[in-house]
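Structure below is data_15.txt: compact mmCIF, C-alpha atoms and all ligand atoms.
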```txt
# COMPACT_ATOMS: atom_id res chain seq x y z
CA MET D 722 -23.77 18.02 -9.05
CA THR D 723 -20.05 18.24 -8.32
CA VAL D 724 -19.11 17.17 -4.82
CA LYS D 725 -15.84 18.81 -3.83
CA THR D 726 -14.13 16.53 -1.35
CA LEU D 727 -10.94 17.16 0.57
CA ILE D 728 -8.70 14.30 1.68
CA ILE D 729 -6.30 15.15 4.51
CA GLY D 730 -3.23 12.90 4.78
CA HIS D 731 -0.37 11.67 2.61
CA GLY D 732 -0.02 7.87 2.77
CA ALA D 733 -1.33 4.76 1.04
CA ARG D 734 -4.47 4.80 3.21
CA GLU D 735 -5.26 8.30 1.96
CA HIS D 736 -4.40 7.26 -1.62
CA VAL D 737 -7.02 4.48 -1.53
CA ILE D 738 -9.57 6.75 0.21
CA GLY D 739 -8.98 9.36 -2.53
CA GLU D 740 -9.33 6.75 -5.28
CA THR D 741 -12.60 5.50 -3.78
CA LEU D 742 -13.98 9.04 -3.53
CA VAL D 743 -13.10 9.72 -7.18
CA ARG D 744 -14.58 6.37 -8.26
CA SER D 745 -17.80 7.49 -6.51
CA GLY D 746 -17.90 10.76 -8.45
CA ALA D 747 -16.07 13.24 -6.18
CA GLU D 748 -13.95 16.13 -7.38
CA LEU D 749 -10.91 15.50 -5.20
CA TYR D 750 -8.69 17.99 -3.38
CA ALA D 751 -5.76 16.90 -1.21
CA PHE D 752 -4.04 18.53 1.76
CA MET D 753 -0.91 16.63 2.75
CA SER D 754 2.28 17.13 4.71
CA SER D 755 4.29 15.44 1.94
CA LYS D 756 3.24 15.04 -1.67
CA ASN D 757 1.59 11.71 -2.49
CA ALA D 758 1.98 11.17 -6.25
CA GLY D 759 -1.25 9.15 -6.42
CA LEU D 760 -3.30 11.88 -4.74
CA GLU D 761 -1.62 14.52 -6.89
CA ASP D 762 -2.80 12.68 -10.02
CA LEU D 763 -6.28 11.80 -8.74
CA SER D 764 -6.93 15.42 -7.80
CA ASN D 765 -5.49 16.86 -11.01
CA ARG D 766 -2.98 18.76 -8.87
CA ARG D 767 -5.63 20.47 -6.72
CA ILE D 768 -3.33 20.01 -3.75
CA LYS D 769 -1.61 21.83 -0.93
CA VAL D 770 1.55 20.41 0.63
CA HIS D 771 1.76 21.69 4.19
CA SER D 772 1.66 20.46 7.80
CA GLU D 773 -1.51 18.43 8.47
CA SER D 774 -1.76 19.97 11.93
CA ASP D 775 -1.92 23.55 10.65
CA PHE D 776 -5.70 23.97 10.90
CA LYS D 777 -5.63 27.59 9.72
CA GLU D 778 -4.08 26.53 6.40
CA ILE D 779 -6.49 23.58 6.00
CA ILE D 780 -9.48 25.86 6.65
CA GLY D 781 -8.11 28.45 4.22
CA PHE D 782 -7.53 25.84 1.48
CA SER D 783 -11.04 24.41 2.04
CA LYS D 784 -12.71 27.81 1.86
CA GLU D 785 -10.74 28.91 -1.22
CA ASN D 786 -11.90 25.79 -3.03
CA GLY D 787 -15.49 25.61 -1.75
CA ILE D 788 -14.98 22.15 -0.24
CA ASP D 789 -18.27 20.33 0.51
CA PHE D 790 -16.73 18.01 3.08
CA ALA D 791 -13.38 16.65 4.26
CA VAL D 792 -12.23 13.12 5.02
CA VAL D 793 -9.45 12.89 7.61
CA GLY D 794 -7.09 9.96 7.00
CA PRO D 795 -4.54 9.89 9.85
CA GLU D 796 -5.00 10.00 13.62
CA ALA D 797 -2.60 12.85 14.43
CA PRO D 798 -4.85 15.74 13.30
CA LEU D 799 -7.95 14.00 14.74
CA VAL D 800 -6.64 13.82 18.29
CA ILE D 801 -5.78 17.53 18.28
CA GLY D 802 -9.19 18.63 17.02
CA ILE D 803 -9.12 19.04 13.23
CA VAL D 804 -12.79 18.06 12.96
CA ASP D 805 -13.90 20.58 15.59
CA ALA D 806 -11.88 23.31 13.85
CA LEU D 807 -13.26 22.55 10.37
CA GLU D 808 -16.84 22.21 11.63
CA ARG D 809 -16.61 25.58 13.39
CA ASN D 810 -15.79 27.00 9.97
CA GLY D 811 -18.75 25.34 8.28
CA ILE D 812 -16.83 22.43 6.73
CA PRO D 813 -18.37 19.04 7.56
CA CYS D 814 -15.95 16.16 8.20
CA VAL D 815 -15.76 12.40 8.13
CA GLY D 816 -13.89 11.80 11.37
CA PRO D 817 -14.56 12.09 15.11
CA ARG D 818 -14.34 15.31 17.10
CA ILE D 819 -11.52 15.66 19.63
CA GLU D 820 -13.51 14.27 22.59
CA ALA D 821 -14.55 11.16 20.69
CA ALA D 822 -11.11 10.69 19.11
CA GLN D 823 -9.82 9.94 22.62
CA LEU D 824 -10.74 6.34 21.81
CA GLU D 825 -7.42 6.34 19.96
CA GLY D 826 -5.72 9.33 21.60
CA SER D 827 -5.85 8.01 25.15
CA LYS D 828 -5.53 4.33 26.03
CA ILE D 829 -6.33 5.21 29.64
CA PHE D 830 -9.61 6.87 28.56
CA THR D 831 -10.57 3.80 26.54
CA ARG D 832 -9.82 1.20 29.22
CA ALA D 833 -11.65 3.31 31.84
CA LEU D 834 -14.65 3.65 29.51
CA LEU D 835 -14.81 -0.08 28.88
CA ASP D 836 -14.49 -0.69 32.60
CA LYS D 837 -17.20 1.80 33.60
CA TYR D 838 -19.67 0.51 31.00
CA LYS D 839 -18.82 -3.15 31.73
CA ILE D 840 -17.88 -3.92 28.14
CA ASN D 841 -16.92 -7.58 27.83
CA SER D 842 -13.84 -7.29 25.65
CA ASN D 843 -11.89 -5.25 28.21
CA LEU D 844 -8.53 -6.48 29.51
CA ARG D 845 -7.15 -6.11 33.02
CA SER D 846 -5.11 -2.94 33.28
CA LYS D 847 -4.06 -0.16 35.63
CA ASN D 848 -2.83 3.31 34.85
CA PHE D 849 0.23 5.01 36.31
CA ASN D 850 2.07 8.31 36.20
CA SER D 851 4.73 7.38 38.74
CA MET D 852 6.53 4.23 39.88
CA VAL D 853 4.28 3.88 42.94
CA ASP D 854 2.67 0.39 42.88
CA VAL D 855 4.24 -0.54 39.52
CA GLU D 856 6.18 -3.42 41.04
CA SER D 857 3.19 -4.84 42.90
CA TYR D 858 0.97 -4.64 39.78
CA ILE D 859 3.61 -6.51 37.76
CA LYS D 860 3.38 -9.19 40.45
CA ASP D 861 -0.43 -9.18 40.24
CA LEU D 862 -0.45 -9.65 36.45
CA GLY D 863 2.46 -12.11 36.51
CA LEU D 864 5.77 -11.02 35.01
CA GLU D 865 5.23 -12.89 31.74
CA ASN D 866 1.78 -11.37 31.22
CA VAL D 867 2.77 -7.70 31.16
CA VAL D 868 2.28 -5.18 28.36
CA VAL D 869 3.36 -1.55 28.86
CA LYS D 870 1.37 1.03 26.89
CA PRO D 871 2.08 4.77 26.94
CA ASP D 872 -1.22 6.66 27.12
CA GLY D 873 -1.00 8.84 24.00
CA LEU D 874 -0.11 8.36 20.33
CA THR D 875 3.30 6.81 19.77
CA GLY D 876 3.09 5.92 16.07
CA GLY D 877 3.03 2.21 16.91
CA LYS D 878 6.43 2.40 18.62
CA GLY D 879 5.50 2.83 22.28
CA VAL D 880 3.80 -0.44 23.19
CA LYS D 881 6.23 -2.96 24.67
CA VAL D 882 5.37 -6.56 25.41
CA TYR D 883 7.05 -9.00 27.76
CA GLY D 884 8.76 -11.69 25.69
CA ASP D 885 8.91 -9.50 22.56
CA HIS D 886 10.61 -6.30 23.73
CA LEU D 887 11.01 -6.71 27.48
CA PHE D 888 12.67 -9.79 28.94
CA SER D 889 12.87 -9.28 32.71
CA LYS D 890 11.23 -7.40 35.56
CA GLN D 891 14.12 -4.94 35.38
CA ASP D 892 13.39 -4.28 31.67
CA ILE D 893 9.77 -3.48 32.54
CA MET D 894 10.76 -1.27 35.47
CA ASP D 895 13.36 0.55 33.33
CA TYR D 896 10.84 1.24 30.55
CA CYS D 897 8.24 2.48 33.06
CA GLN D 898 10.92 4.69 34.63
CA THR D 899 11.71 6.17 31.18
CA LEU D 900 8.02 6.98 30.69
CA VAL D 901 7.78 8.56 34.14
CA ALA D 902 10.86 10.67 33.35
CA GLN D 903 9.16 11.81 30.12
CA LYS D 904 6.05 12.69 32.15
CA SER D 905 4.09 10.22 30.06
CA SER D 906 1.21 8.37 31.77
CA PHE D 907 1.02 4.68 30.95
CA LEU D 908 -0.93 1.48 31.41
CA LEU D 909 0.26 -1.87 32.59
CA GLU D 910 -2.02 -4.27 30.79
CA GLU D 911 -2.67 -8.00 30.73
CA LYS D 912 -0.98 -9.81 27.81
CA VAL D 913 -3.25 -12.28 26.02
CA GLU D 914 -2.60 -14.95 23.43
CA GLY D 915 -4.67 -15.49 20.31
CA GLU D 916 -5.18 -14.38 16.73
CA GLU D 917 -5.66 -10.69 16.03
CA PHE D 918 -8.17 -9.30 13.55
CA THR D 919 -9.20 -5.84 12.40
CA LEU D 920 -12.85 -4.85 12.30
CA GLN D 921 -13.17 -1.50 10.53
CA THR D 922 -16.55 0.22 10.80
CA PHE D 923 -18.49 3.21 9.48
CA VAL D 924 -20.11 5.14 12.34
CA ASP D 925 -22.75 7.88 12.07
CA GLY D 926 -23.07 8.71 15.76
CA LYS D 927 -25.39 5.80 16.53
CA GLN D 928 -25.10 3.08 13.90
CA VAL D 929 -21.90 1.04 13.58
CA ILE D 930 -21.64 -0.76 10.24
CA ALA D 931 -19.08 -3.53 9.78
CA THR D 932 -16.77 -3.94 6.78
CA PRO D 933 -14.90 -7.16 5.83
CA LEU D 934 -12.46 -8.47 8.45
CA VAL D 935 -8.76 -8.04 7.77
CA GLN D 936 -5.62 -9.42 9.38
CA ASP D 937 -2.49 -7.26 9.39
CA HIS D 938 1.14 -8.41 9.86
CA LYS D 939 3.18 -6.14 12.11
CA ARG D 940 6.55 -7.89 12.10
CA ALA D 941 9.09 -6.95 9.44
CA TYR D 942 10.17 -10.42 8.35
CA GLU D 943 8.65 -13.73 7.34
CA ASP D 944 7.05 -16.03 9.88
CA ASP D 945 6.30 -13.00 12.08
CA SER D 946 9.91 -12.41 13.05
CA GLY D 947 11.94 -9.21 13.31
CA PRO D 948 11.06 -5.77 14.58
CA ASN D 949 7.56 -4.27 14.67
CA THR D 950 6.57 -2.07 11.75
CA GLY D 951 3.59 0.01 10.70
CA GLY D 952 2.31 -3.21 9.05
CA MET D 953 3.94 -5.22 6.25
CA GLY D 954 0.72 -6.35 4.60
CA SER D 955 -2.70 -7.82 5.18
CA TYR D 956 -5.37 -10.10 3.75
CA SER D 957 -9.12 -10.55 3.74
CA MET D 958 -11.27 -13.50 2.69
CA GLU D 959 -14.09 -13.74 0.15
CA ASP D 960 -16.67 -14.44 2.91
CA HIS D 961 -15.49 -11.33 4.79
CA LEU D 962 -14.56 -13.49 7.83
CA MET D 963 -11.38 -15.38 8.75
CA PRO D 964 -11.21 -19.18 8.88
CA TYR D 965 -10.69 -18.90 12.65
CA ILE D 966 -13.09 -15.97 13.28
CA THR D 967 -16.79 -16.82 13.04
CA GLN D 968 -19.78 -14.57 12.32
CA LYS D 969 -20.66 -14.99 16.02
CA ASP D 970 -17.24 -13.58 16.97
CA VAL D 971 -17.76 -10.63 14.63
CA ASN D 972 -21.23 -9.99 16.03
CA GLU D 973 -19.76 -9.98 19.52
CA ALA D 974 -17.04 -7.47 18.57
CA LEU D 975 -19.59 -5.33 16.73
CA GLU D 976 -21.99 -5.29 19.69
CA ASP D 977 -19.05 -4.19 21.80
CA MET D 978 -18.26 -1.35 19.40
CA LYS D 979 -21.91 -0.22 19.45
CA LYS D 980 -21.78 -0.08 23.25
CA VAL D 981 -18.51 1.88 23.07
CA VAL D 982 -20.00 4.41 20.64
CA ALA D 983 -23.02 4.89 22.95
CA ALA D 984 -20.74 5.09 26.01
CA THR D 985 -18.55 7.72 24.30
CA LYS D 986 -21.61 9.89 23.75
CA ALA D 987 -22.80 9.36 27.32
CA GLU D 988 -19.38 10.17 28.76
CA THR D 989 -18.29 13.10 26.55
CA GLY D 990 -21.57 14.45 25.21
CA VAL D 991 -20.12 14.06 21.69
CA GLU D 992 -21.32 11.56 19.10
CA TYR D 993 -18.64 9.39 17.48
CA LYS D 994 -18.76 9.93 13.70
CA GLY D 995 -16.28 8.62 11.17
CA PHE D 996 -14.35 5.39 10.84
CA LEU D 997 -13.77 3.30 13.94
CA TYR D 998 -11.08 0.61 13.79
CA GLY D 999 -11.41 -2.20 16.31
CA GLY D 1000 -8.17 -4.11 16.82
CA TYR D 1001 -9.40 -7.33 18.44
CA ILE D 1002 -7.88 -10.64 19.43
CA LYS D 1003 -9.68 -13.97 19.70
CA THR D 1004 -8.45 -15.82 22.79
CA ALA D 1005 -9.45 -18.93 24.71
CA LYS D 1006 -11.42 -16.55 26.97
CA GLY D 1007 -13.29 -14.88 24.09
CA ILE D 1008 -12.87 -11.71 22.03
CA LYS D 1009 -10.69 -9.04 23.66
CA LEU D 1010 -9.94 -5.46 22.61
CA ILE D 1011 -6.31 -4.60 21.88
CA GLU D 1012 -6.93 -1.02 20.69
CA PHE D 1013 -9.28 1.33 18.92
CA ASN D 1014 -8.16 3.63 16.15
CA ALA D 1015 -10.21 6.68 15.19
CA ARG D 1016 -9.55 6.10 11.47
CA LEU D 1017 -9.19 3.37 8.88
CA GLY D 1018 -6.17 1.08 9.08
CA ASP D 1019 -3.03 1.25 7.03
CA PRO D 1020 -2.71 -1.22 5.26
CA GLU D 1021 -6.25 -2.46 6.07
CA ALA D 1022 -8.02 0.36 4.16
CA MET D 1023 -6.43 -1.05 0.97
CA ASN D 1024 -8.15 -4.40 1.57
CA ILE D 1025 -11.68 -3.10 2.03
CA LEU D 1026 -12.18 0.06 -0.03
CA PRO D 1027 -11.44 -1.47 -3.47
CA LEU D 1028 -14.23 -4.00 -2.73
CA LEU D 1029 -16.83 -1.35 -1.89
CA LYS D 1030 -19.89 -1.51 -4.15
CA THR D 1031 -21.96 1.17 -2.38
CA ASN D 1032 -21.21 4.75 -3.41
CA PHE D 1033 -18.59 6.08 -0.97
CA LEU D 1034 -19.87 9.67 -1.20
CA ASP D 1035 -23.25 8.42 0.05
CA ILE D 1036 -21.52 6.66 2.93
CA CYS D 1037 -19.55 9.80 3.82
CA THR D 1038 -22.64 12.02 3.76
CA GLY D 1039 -24.53 9.37 5.76
CA ILE D 1040 -21.79 9.51 8.42
CA ILE D 1041 -21.84 13.32 8.48
CA ASN D 1042 -25.65 13.62 8.58
CA GLY D 1043 -26.18 10.76 11.04
CA ASN D 1044 -28.32 8.77 8.63
CA LEU D 1045 -26.11 6.00 7.22
CA LYS D 1046 -28.02 3.44 5.20
CA PRO D 1047 -27.12 0.07 6.77
CA ASN D 1048 -27.09 -2.00 3.56
CA ILE D 1049 -23.48 -1.26 2.59
CA GLU D 1050 -22.16 -3.78 0.10
CA PHE D 1051 -18.72 -5.20 -0.66
CA GLU D 1052 -17.69 -7.61 -3.37
CA ASN D 1053 -17.30 -11.20 -2.17
CA LYS D 1054 -13.64 -11.34 -3.10
CA ALA D 1055 -10.42 -12.07 -1.27
CA THR D 1056 -7.64 -9.49 -1.09
CA VAL D 1057 -3.92 -9.60 -0.32
CA CYS D 1058 -1.84 -6.49 0.32
CA LYS D 1059 1.95 -6.73 0.32
CA TYR D 1060 3.83 -3.66 1.40
CA LEU D 1061 7.17 -2.92 -0.21
CA ALA D 1062 9.54 -1.18 2.20
CA PRO D 1063 13.03 0.24 1.72
CA GLU D 1064 15.84 -2.20 2.51
CA GLY D 1065 16.77 -1.86 6.18
CA TYR D 1066 13.29 -0.65 7.25
CA PRO D 1067 12.33 -0.06 10.05
CA ILE D 1068 15.79 0.21 11.66
CA SER D 1069 18.05 1.75 9.01
CA PRO D 1070 15.96 2.26 5.85
CA LYS D 1071 17.67 3.14 2.56
CA LYS D 1072 16.16 6.46 1.50
CA ASP D 1073 16.37 8.37 -1.77
CA GLU D 1074 16.58 5.11 -3.73
CA LEU D 1075 14.95 4.89 -7.16
CA VAL D 1076 11.74 2.80 -7.41
CA ILE D 1077 10.92 1.60 -10.94
CA ILE D 1078 7.27 0.73 -11.53
CA ASP D 1079 6.08 -1.23 -14.58
CA LYS D 1080 2.59 0.26 -14.66
CA GLU D 1081 1.59 -1.47 -17.91
CA LYS D 1082 2.40 -4.88 -16.50
CA LEU D 1083 0.63 -4.11 -13.23
CA GLU D 1084 -2.46 -3.25 -15.24
CA GLN D 1085 -2.18 -6.45 -17.33
CA ILE D 1086 -1.94 -8.53 -14.15
CA GLY D 1087 -4.78 -6.62 -12.53
CA ALA D 1088 -2.79 -5.69 -9.41
CA LYS D 1089 -3.55 -2.38 -7.74
CA TYR D 1090 -0.88 -0.18 -6.18
CA TYR D 1091 -0.91 2.68 -3.72
CA TYR D 1092 1.88 5.10 -2.89
CA ALA D 1093 2.92 5.39 0.75
CA SER D 1094 6.12 7.18 1.85
CA VAL D 1095 7.74 7.82 -1.52
CA TYR D 1096 8.30 11.04 -3.43
CA ARG D 1097 8.24 11.87 -7.13
CA GLU D 1098 10.86 13.93 -8.92
CA GLY D 1099 10.11 14.38 -12.60
CA ASP D 1100 8.71 11.01 -13.59
CA SER D 1101 10.77 9.07 -11.07
CA ILE D 1102 9.72 7.73 -7.67
CA TYR D 1103 12.16 7.55 -4.71
CA THR D 1104 12.06 5.96 -1.27
CA THR D 1105 12.00 7.78 2.05
CA THR D 1106 12.50 6.15 5.46
CA SER D 1107 9.11 4.43 5.73
CA ARG D 1108 6.99 1.91 3.80
CA ALA D 1109 7.06 2.65 0.07
CA MET D 1110 4.08 1.10 -1.77
CA GLY D 1111 1.18 -1.22 -1.11
CA ILE D 1112 0.49 -3.80 -3.85
CA ILE D 1113 -2.97 -5.39 -3.81
CA GLY D 1114 -4.24 -8.58 -5.39
CA ILE D 1115 -8.00 -9.09 -5.58
CA ALA D 1116 -9.57 -12.37 -6.73
CA ASN D 1117 -12.30 -14.91 -6.01
CA ASP D 1118 -10.22 -16.72 -3.40
CA LEU D 1119 -7.18 -16.03 -1.22
CA GLU D 1120 -4.79 -18.24 -3.17
CA SER D 1121 -5.52 -16.40 -6.43
CA ALA D 1122 -5.41 -12.97 -4.74
CA GLU D 1123 -2.00 -13.84 -3.27
CA LYS D 1124 -0.73 -14.81 -6.72
CA VAL D 1125 -1.86 -11.47 -8.18
CA ALA D 1126 -0.21 -9.54 -5.32
CA GLU D 1127 2.98 -11.58 -5.75
CA GLN D 1128 3.07 -10.96 -9.53
CA GLY D 1129 2.35 -7.28 -8.81
CA VAL D 1130 5.32 -7.03 -6.48
CA GLN D 1131 7.54 -8.36 -9.29
CA CYS D 1132 6.57 -5.29 -11.37
CA ILE D 1133 8.37 -3.01 -8.91
CA SER D 1134 12.15 -2.82 -8.72
CA GLY D 1135 14.51 -0.99 -6.43
CA ARG D 1136 16.23 -1.46 -3.08
CA LEU D 1137 13.07 -2.75 -1.46
CA PHE D 1138 11.89 -5.82 0.44
CA TYR D 1139 8.53 -7.39 1.32
CA ARG D 1140 7.06 -10.41 3.06
CA LYS D 1141 6.49 -13.23 0.61
CA ASP D 1142 4.48 -15.22 3.16
CA ILE D 1143 1.54 -12.81 3.59
CA GLY D 1144 -1.68 -14.31 2.24
CA THR D 1145 -0.14 -17.72 1.58
CA LYS D 1146 -1.87 -21.00 2.40
CA ARG D 1147 1.00 -21.95 4.67
CA LEU D 1148 0.71 -18.85 6.86
CA LEU D 1149 -3.09 -19.10 6.97
CA GLN D 1150 -2.84 -22.73 8.11
CA LYS D 1151 -0.39 -21.68 10.82
CA ARG D 1152 -2.99 -19.17 12.10
CA ILE D 1153 -5.72 -21.83 12.01
CA ASN D 1154 -3.54 -24.32 13.91
CA HIS D 1155 -2.61 -21.69 16.49
CA MET D 1156 -6.26 -20.86 17.15
CA ASP D 1157 -7.21 -24.56 17.29
CA SER D 1158 -4.48 -25.24 19.83
CA LEU D 1159 -5.74 -22.41 22.07
CA LEU D 1160 -9.37 -23.49 21.87
CA GLN D 1161 -8.75 -27.18 22.68
N1 LIG D 1201 -2.61 -1.57 10.76
C1 LIG D 1201 -2.45 -0.88 11.97
C2 LIG D 1201 -2.95 0.49 11.98
O1 LIG D 1201 -3.49 1.00 11.03
O2 LIG D 1201 -2.80 1.14 13.02
```
Starting from the file, give its structure as structure tokens.
Amino acid sequence: MTVKTLIIGHGAREHVIGETLVRSGAELYAFMSSKNAGLEDLSNRRIKVHSESDFKEIIGFSKENGIDFAVVGPEAPLVIGIVDALERNGIPCVGPRIEAAQLEGSKIFTRALLDKYKINSNLRSKNFNSMVDVESYIKDLGLENVVVKPDGLTGGKGVKVYGDHLFSKQDIMDYCQTLVAQKSSFLLEEKVEGEEFTLQTFVDGKQVIATPLVQDHKRAYEDDSGPNTGGMGSYSMEDHLMPYITQKDVNEALEDMKKVVAATKAETGVEYKGFLYGGYIKTAKGIKLIEFNARLGDPEAMNILPLLKTNFLDICTGIINGNLKPNIEFENKATVCKYLAPEGYPISPKKDELVIIDKEKLEQIGAKYYYASVYREGDSIYTTTSRAMGIIGIANDLESAEKVAEQGVQCISGRLFYRKDIGTKRLLQKRINHMDSLLQ
């Protein structure tokens, strides 16, 4: 039986989701705000290029094509109710409804939920919509321990941390004042030190099933320097843990996520269904939650989905029908993703530059590649202003996976840059040493 599946979204995360659906036997359709060449090929051009927040068009395209279910890649349509709109029109979705998507859409909602349900991983925070009490709360937290987080989606650009983006009380006050002027509510939150990890899960309303842990790298340049980006690359280990994150830590984070899913239902009356991304940090005081995302990660989806052994269509229908089978399997392999970005990204990226891809050599090496923010004209690929392509190495151990990713990157030419250090032994050891020093 043909399963007609719609992917909504246009980046590398959606490219790998689409590939995994096709590998599992789906007939793929794609609805995207800009044309992803990978999705165009995987779906044999069964595509529509149009705004991902135009629900009427998405519903029309789904009905015209007799779509069996949709998978929503990015957060933006989720937090404005794409799932509710599609479901009202008889199209089941992998993704949370608007009430449940608040776990990503509102940081104030999430912190309040964790507080009310006494969930251990919560951090100290207070929400504001004016400058009243801001100064005294900065004093309470301690100037050097302050993070400012706008409440809603900011595409990764709104969170500002003392020591990284803000360097004095005045800087913090000025940023808060800017948010007040924009009528944006915000949190002042406790800053914690540790190693971050991503726990992506499949959620069917009740069950929360873990996938291999991943660590992302947000800074643009080597040794975690330079401006923040959407993520310059990521790695995962063959045992699905991290050398500094134990199974006990994962169990703790997973128990937390199960409590959050139950609390979301209790609080909103809506079951959380879809992918739930837990952005956690291991600190000297235990596992703490940095953020939830109501979707898979980008780049982290590229680390886990190519390892999936269980049929992805079965997982998607399990999520939709609330009867996920818990024994989901992944290959015991390590992965390294290196993102290629246009020179100058994220500050002044060089757009409309030619990207030459040696596909034959990539295949020989065994490196996978996913298109992000690039466009195709004729047979040629060009950059835009965001990350261009994710290159993935997969192997029995991290060192070998890093080599494959590195060789893969050499098959791409153009005015691009990437972080050579992601997935290397040296960077991993630095993470291990950092964690050891905090736990002493
Ligand atoms: N890797 C960060 C994110 O997907 O939001």
From the list D:Gly995, D:Pro933, D:Pro798, D:Gly873, which residue is nearest Pro1027 (chain D) when using all atoms listed in the file?
->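 Going through D:Gly995, D:Pro933, D:Pro798, D:Gly873 one by one, the smallest distance to Pro1027 (chain D) is for D:Pro933.
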So that each row is one residue of chain D with an atom at most 8 Å from ligand LIG 1201 (chain D), can you give its shortest atom pair and the distance in Å to one decimal, using all atoms listed in the file, rows by chain and rising number, as CSV?
```
residue,atom,partner,partner_atom,distance
D:Gly877,CA,D:LIG1201,O2,7.1
D:Asp937,CA,D:LIG1201,N1,5.9
D:His938,CA,D:LIG1201,N1,7.9
D:Lys939,CA,D:LIG1201,N1,7.5
D:Gly951,CA,D:LIG1201,C1,6.2
D:Gly952,CA,D:LIG1201,N1,5.5
D:Asn1014,CA,D:LIG1201,O2,6.7
D:Arg1016,CA,D:LIG1201,O1,7.9
D:Leu1017,CA,D:LIG1201,O1,6.5
D:Gly1018,CA,D:LIG1201,O1,3.3
D:Asp1019,CA,D:LIG1201,O1,4.0
D:Pro1020,CA,D:LIG1201,N1,5.5
D:Glu1021,CA,D:LIG1201,N1,6.0
```
One-decimal distance in Å that lies between CA of Val1057 (chain D) and CA of Gly1135 (chain D) =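 Here the two named atoms are 21.2 Å from each other.
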Select, from D:Lys1059, D:Lys777, D:His1155, D:Lys986, the residue with the minimum atom-to-atom distance to Val1130 (chain D), counting only C-alpha atoms.
->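 Of D:Lys1059, D:Lys777, D:His1155, D:Lys986, the one nearest Val1130 (chain D) is D:Lys1059, counting only C-alpha atoms.
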Using only C-alpha atoms, which residue out of D:Leu1137, D:Ile829, D:Ile768, D:Leu1034 lies closest to Asp789 (chain D)?
->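 Looking only at the distances to Asp789 (chain D), the closest residue turns out to be D:Leu1034.
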Could you give me, as a PyMOL selection string, the residues that sit within 9 Å of (-9.4, -16.2, 24.7) in the file's coordinates, counting all atoms listed in the file?
-> chain D and resi 913-915+1002-1009+1159-1160
Region 1005-1109 of chain D near region 960-973 of chain D within 8 Å: what's each residue's closest atom pair and its distance in Å to one decimal, counting all atoms listed in the file, ordered by chain then ascending residue number, as JSON lines?
```
{"residue": "D:Ile1008", "atom": "CA", "partner": "D:Asp970", "partner_atom": "CA", "distance": 6.9}
{"residue": "D:Asn1053", "atom": "CA", "partner": "D:Asp960", "partner_atom": "CA", "distance": 6.1}
{"residue": "D:Lys1054", "atom": "CA", "partner": "D:Asp960", "partner_atom": "CA", "distance": 7.4}
{"residue": "D:Ala1055", "atom": "CA", "partner": "D:Asp960", "partner_atom": "CA", "distance": 7.9}
```
Write out, as a short mmCIF file (atom, residue, chain, number, x, y, z; two decimals), in the frame of the given file, the residues just selected, with C-alpha atoms.
```cif
data_model
loop_
_atom_site.label_atom_id
_atom_site.label_comp_id
_atom_site.auth_asym_id
_atom_site.auth_seq_id
_atom_site.Cartn_x
_atom_site.Cartn_y
_atom_site.Cartn_z
CA ILE D 1008 -12.87 -11.71 22.03
CA ASN D 1053 -17.30 -11.20 -2.17
CA LYS D 1054 -13.64 -11.34 -3.10
CA ALA D 1055 -10.42 -12.07 -1.27
#
```
Which neighbours of region 1074-1091 of chain D fall inside 8 Å, counting only C-alpha atoms, when residues of the same chain fewer than 4 positions from it are skipped, and could you give them as JSON, numbers by chain?
-> {"D": [733, 736, 737, 759, 1101, 1102, 1103, 1104, 1105, 1110, 1111, 1112, 1113, 1114, 1115, 1125, 1126, 1128, 1129, 1132, 1133, 1134, 1135, 1136]}
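Here the question is which of D:Val770, D:Gln1131, D:Arg744, D:Asp836 gets nearest to Ala758 (chain D) using all atoms listed in the file, and that residue is D:Val770.
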For each of D:Glu1064, D:Glu976, D:Glu808, D:Glu959, take the minimum atom-to-atom distance to Asn1024 (chain D), counting only C-alpha atoms, then give the residue where this is smallest.
->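 Among the listed residues, D:Glu959 lies closest to Asn1024 (chain D).
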Compare D:Asn841, D:Asn848, D:Asn1042, D:Thr1106 by their minimum atom-to-atom distance to Asp977 (chain D), counting only C-alpha atoms, and give me the closest one.
-> D:Asn841
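For the pair CA of Phe849 (chain D) and CA of Pro817 (chain D), the separation is 26.8 Å.
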Please, what distance in Å, to one decimal, runs between CA of Leu1028 (chain D) and CA of Thr932 (chain D)?
->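 Those two atoms sit 9.8 Å apart.
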With 6 Å of padding per side, what axis-aligned box (centre and edge lengths, Å, one decimal) covers all the listed atoms of region 1010-1028 of chain D? Give it as AutoDock Vina command-line options.
```
--center_x -8.5 --center_y 0.6 --center_z 9.6 --size_x 23.5 --size_y 24.1 --size_z 38.1
```
In file coordinates, which residues lie within 8 Å of (-11.2, -4.9, 8.1) using all atoms listed in the file, given as a PyMOL selection string?
-> chain D and resi 918-922+932-936+957+998+1018+1021-1022+1024-1025
Contacts of Lys927 (chain D) at 7 Å or less, counting only C-alpha atoms, minus same-chain residues fewer than 2 places along, as a count of residues only?
-> 5
Pick out the residues sitting within 6 Å of region 821-824 of chain D, and hand them over as JSON, numbers by chain; count all atoms listed in the file, and ignore anything fewer than 5 positions along from it in its own chain.
-> {"D": [800, 831, 993, 1013, 1015]}
Next, dump the selected residues to file, keeping only C-alpha atoms, as a compact mmCIF listing (two decimals), in the coordinates of the input.
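The new file part-v1.txt reads:
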```
# COMPACT_ATOMS: atom_id res chain seq x y z
CA VAL D 800 -6.64 13.82 18.29
CA THR D 831 -10.57 3.80 26.54
CA TYR D 993 -18.64 9.39 17.48
CA PHE D 1013 -9.28 1.33 18.92
CA ALA D 1015 -10.21 6.68 15.19
```
